[in-house]
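Visitor: Sharing a structure here in structure tokens format.
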Amino acid sequence: MPDPFADLLLRLRQDSGRTQEEQAEAINAVSGRDTLTRREISRYENFENIPTNHTIGHIAAACGVPFEELQREAKAARVRKREGHANAGEDQDAVKRRTLLGGAAISVSAAAEPWGRLAFALSKGSKIDSPSAVALIDRAAELHVQELNLSAWRLQSTVESHLDAITAALPRAGEHERALAIAAGETAALAGWVAWDLGEHDRADAYYRVTLQCAATAGHPPLRALALTYASYGASSPKAKLEFLSQAANDVRGHGNATAAAWVLGRHAEEAAAVGDETGALRALERARFAYDFADHTSEQAWVRFVTPYRMDSLALSVYGQLGRPELTATADTAVGRLGDELSDGGVVVLGDLASALLRGGDVDQGVYVSRQFAAAAQAKPNTMGKERAANIAASLPDSEQELGLHLRQFAS
């Protein structure tokens with residue numbers, strides 16, 4: 001029969017986006033031993049067996065949740081199993097909520113949303129052990145990598161669950177407070193981006209605000225740059241967008257921030273081009289490309305993993321297309337060559353920028369061809385940035401492509 005703890009293990013695995021085999025591999029990676037199998041994960045999730053405390057520690061680290069909370073639930077499950085009350089009637093959602101949110105630990109009754117709980121926890125502090133802190137920090141980085149391949153709706157619950165796990169740990173952070181505050185801010189920023197991608201703009205703004213609070217608490221300017229650059233997409237006016245990006249550019253100066261600087265400066269170039277500031281746009285784009293020459297998007301902050309060479313192509317296409325620059329043709333050729341056949345969500349955005357740039361640049365036949373490719377790809381990998389580009393493309397299509405334009409406008413809405 002089902003048990004709340006078995007269901008919790010199932011939910012943790014599903015929230016991580018893993019199969020049973022992948023969950024076993026993740027736990028083995030934490031333990032350093034190839035001992036767990038898919039079959040054992042299945043036994044745990046069907047309440048045929050309960051993990052030992054040693055294994056519970058590895059599961060907690062692999063899933064980014066507090067060990068003590070998971071251990072407590074396992075202990076309660078063992079009691080139920082011994083007493084033959086596997087279905088003791090405890091509300092499963094309550095178990096999940098207590099375990100992942102750490103509600104009792106931080107008195108979250110006054111804060112109904114994840115960003116509120118995080119803001120509350122930032123003012124606290126005591127002790128957490130180093131392995132738990134490292135597991136939470138590593139999991140925050142892993143989520144930014146997963147963002148490259150998972151859709152927003154699949155990622156949202158996982159990101160918010162991990163934010164809650166860090167929130168539960170912050171009151172006991174001790175010497176790890178700064179590192180956990182940074183990891184919390186990175187996770188909150190990603191939660192904001194996911195919310196914005198899903199059209200939940202007020203929710204996104206709340207996450208960005210608490211990310212700024214994390215940056216101030218930790219004294220970590222690059223984290224502020226992350227929040228400001230994400231927020232620039234939804235800022236209320238062109239002036240506000242450029243102000244956000246100017247501040248963000250100041251925050252990512254210095255060693256170790258080359259990729260972040262390239263992204264921020266590329267965004268600044270894009271927004272400057274949107275308001276017709278050709279000189280400012282071209283200067284910012286040149287600085288972005290210069291910074292990217294010194295960048296390694298795979299080894300700097302986890303949150304810059306999406307700033308791939310083809311994402312830089314996308315920014316350049318956006319700038320040149322808006323300004324009607326002759327560099328558009330060569331940049332378009334480079335972008336097409338880089339994309340390949342397998343498109344990530346970021347690749348869909350590049351296709352959209354390429355189609356829009358070609359149409360604005362006067363290459364209508366090629367622009368229509370790429371627009372059709374974009375329409376198919378965006379339908380398969382929908383996101384807010386793709387929808388915005390669909391609207392831009394629809395506005396630039398010739399009258400002979402009314403059907404395609406209608407399809408893109410419907411997708412954008």
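Chain identifiers are assigned as A, B, and so on, following the order in which chains appear in the structure tokens; residues are numbered from 1 within each chain, and ligands are numbered from 1 in order of appearance.
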Using only C-alpha atoms, what table do you get, as a tab-separated table, when you list each residue of region 193-269 of chain A with an atom no more than 8 Å from region 302-321 of chain A, its nearest pair of atoms, and their distance in Å rounded to one decimal, rows by chain then rising number?

Guide:
```
residue	atom	partner	partner_atom	distance
A:Thr259	CA	A:Val304	CA	6.4
A:Ala260	CA	A:Val304	CA	6.1
A:Trp263	CA	A:Val307	CA	6.6
A:Gly266	CA	A:Leu315	CA	5.9
A:Arg267	CA	A:Leu315	CA	7.0
A:Ala269	CA	A:Val319	CA	6.5
```

Visitor: Would you mind exporting the chosen residues as a compact mmCIF listing (two decimals), in the first residue's frame, restricted to C-alpha atoms?

Guide:
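Saved file selection_5.txt follows:
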```txt
# COMPACT_ATOMS: atom_id res chain seq x y z
CA THR A 259 30.74 35.62 -20.03
CA ALA A 260 28.36 37.55 -17.80
CA TRP A 263 25.70 38.85 -22.03
CA GLY A 266 24.98 42.32 -25.63
CA ARG A 267 21.62 43.02 -24.01
CA ALA A 269 23.41 46.78 -27.40
```

Visitor: Which residues are close to Ala235 (chain A), i.e. within 12 Å by only C-alpha atoms, leaving aside same-chain residues fewer than 6 positions away? Reply as a count of residues only.

Guide: 15

Visitor: Tell me, in Å to one decimal, how far CA of Glu175 (chain A) is from CA of Ala62 (chain A).

Guide: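 Taking CA of Glu175 (chain A) and CA of Ala62 (chain A), their separation equals 22.3 Å.
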
Visitor: Among region 217-400 of chain A, which residues carry a DSSP assignment of helix (DSSP H, G or I), reported as a PyMOL selection string?

Guide: chain A and resi 217-218+221-232+238-251+258-274+278-293+302-304+309-323+328-339+345-361+364-380+384-396+399-400

Visitor: I need the residue nearest Pro326 (chain A) from this list: A:Arg283, A:His220, A:Arg409, A:Arg360. Use only C-alpha atoms for the distance.

Guide: A:Arg360

Visitor: Point out the residue among A:Asp197, A:Gln71, A:Pro66, A:Ala26 with the least atom-to-atom distance to Ser132 (chain A), counting only C-alpha atoms.

Guide: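 Checking each candidate against Ser132 (chain A), we get A:Pro66 as the closest.
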
Visitor: Between A:Arg287, A:Arg11, A:Arg325, A:Arg43, single out the one closest to Ala273 (chain A), counting only C-alpha atoms.

Guide: A:Arg325

Visitor: Applying 12 Å and only C-alpha atoms, which residues near Asp363 (chain A) remain after dropping the ones on its own chain fewer than 6 positions away? List them as a list in words.

Guide: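 After dropping sequence-adjacent residues, the list is Gly321, Gly324, Pro326, Leu328, Thr329, Ala332, Leu354, Ala355, Ser356, Ala357, Tyr369, Val370, Ser371, Ser396, Leu397 and Pro398 of chain A.
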
Visitor: What would the file look like if the residues just selected were written as a CSV table (one decimal), in the first residue's frame with N, CA and C atoms?

Guide:
```
chain,number,residue,atom,x,y,z
A,321,GLY,N,19.9,43.8,-37.3
A,321,GLY,CA,18.6,43.8,-37.9
A,321,GLY,C,17.9,45.0,-37.6
A,324,GLY,N,19.6,47.9,-39.4
A,324,GLY,CA,19.7,47.7,-40.9
A,324,GLY,C,21.2,47.8,-41.3
A,326,PRO,N,25.0,46.5,-42.6
A,326,PRO,CA,25.4,45.5,-43.7
A,326,PRO,C,26.1,44.3,-43.1
A,328,LEU,N,24.8,42.3,-41.2
A,328,LEU,CA,23.7,41.3,-41.0
A,328,LEU,C,24.0,40.1,-41.8
A,329,THR,N,24.3,40.2,-43.0
A,329,THR,CA,24.4,39.0,-43.9
A,329,THR,C,25.4,38.0,-43.4
A,332,ALA,N,24.4,36.4,-40.2
A,332,ALA,CA,23.3,35.4,-40.4
A,332,ALA,C,23.9,34.1,-40.9
A,354,LEU,N,17.1,35.6,-36.3
A,354,LEU,CA,17.6,35.5,-37.6
A,354,LEU,C,16.5,35.8,-38.6
A,355,ALA,N,15.3,35.2,-38.4
A,355,ALA,CA,14.2,35.5,-39.3
A,355,ALA,C,13.8,37.0,-39.4
A,356,SER,N,13.7,37.5,-38.2
A,356,SER,CA,13.3,38.9,-38.1
A,356,SER,C,14.4,39.8,-38.7
A,357,ALA,N,15.7,39.5,-38.5
A,357,ALA,CA,16.7,40.3,-39.1
A,357,ALA,C,16.8,40.3,-40.6
A,369,TYR,N,11.7,31.8,-45.4
A,369,TYR,CA,12.1,30.4,-45.2
A,369,TYR,C,12.5,30.1,-43.7
A,370,VAL,N,13.3,31.0,-43.2
A,370,VAL,CA,13.7,30.9,-41.8
A,370,VAL,C,12.5,31.1,-40.8
A,371,SER,N,11.6,31.9,-41.2
A,371,SER,CA,10.4,32.1,-40.4
A,371,SER,C,9.6,30.9,-40.2
A,396,SER,N,6.6,41.8,-39.8
A,396,SER,CA,7.6,42.1,-40.9
A,396,SER,C,7.3,41.2,-42.1
A,397,LEU,N,6.4,40.3,-42.0
A,397,LEU,CA,6.2,39.4,-43.2
A,397,LEU,C,5.5,40.1,-44.3
A,398,PRO,N,5.8,39.7,-45.6
A,398,PRO,CA,5.1,40.4,-46.7
A,398,PRO,C,3.6,40.0,-46.8
```

Visitor: Pick the closest to Gly192 (chain A) from A:Ala168, A:Val159, A:Ile137, A:Ala179: which is it, counting only C-alpha atoms?

Guide: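 Closest residue, counting only C-alpha atoms: A:Val159.
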
Visitor: Give me the residues within 10 Å of Glu45 (chain A) as a PyMOL selection string, counting only C-alpha atoms and dropping any in the same chain fewer than 6 places off.

Guide: chain A and resi 2-11+13+20+39

Visitor: With a distance cut-off of 10 Å and only C-alpha atoms, select the neighbouring residues of Ala390 (chain A), excluding the residue or stretch itself and same-chain residues fewer than 5 positions from it, and output the selection as a PyMOL selection string.

Guide: chain A and resi 349+352-353+355-356+371+374-375+378+384-385+395+405+407-413

Visitor: Find, counting only C-alpha atoms, the residue in A:Cys214, A:Ala29, A:Ile50, A:Gly254 that gets nearest to Ala291 (chain A).

Guide: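 Between A:Cys214, A:Ala29, A:Ile50, A:Gly254, the residue approaching Ala291 (chain A) most closely is A:Gly254.
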
Visitor: Got a sec: who's within 7 Å of region 293-296 of chain A, counting only C-alpha atoms, leaving out chain neighbours fewer than 3 positions off, as a list in words?

Guide: Ala258, Thr259, Arg289, Phe290, Ser299 and Glu300 of chain A
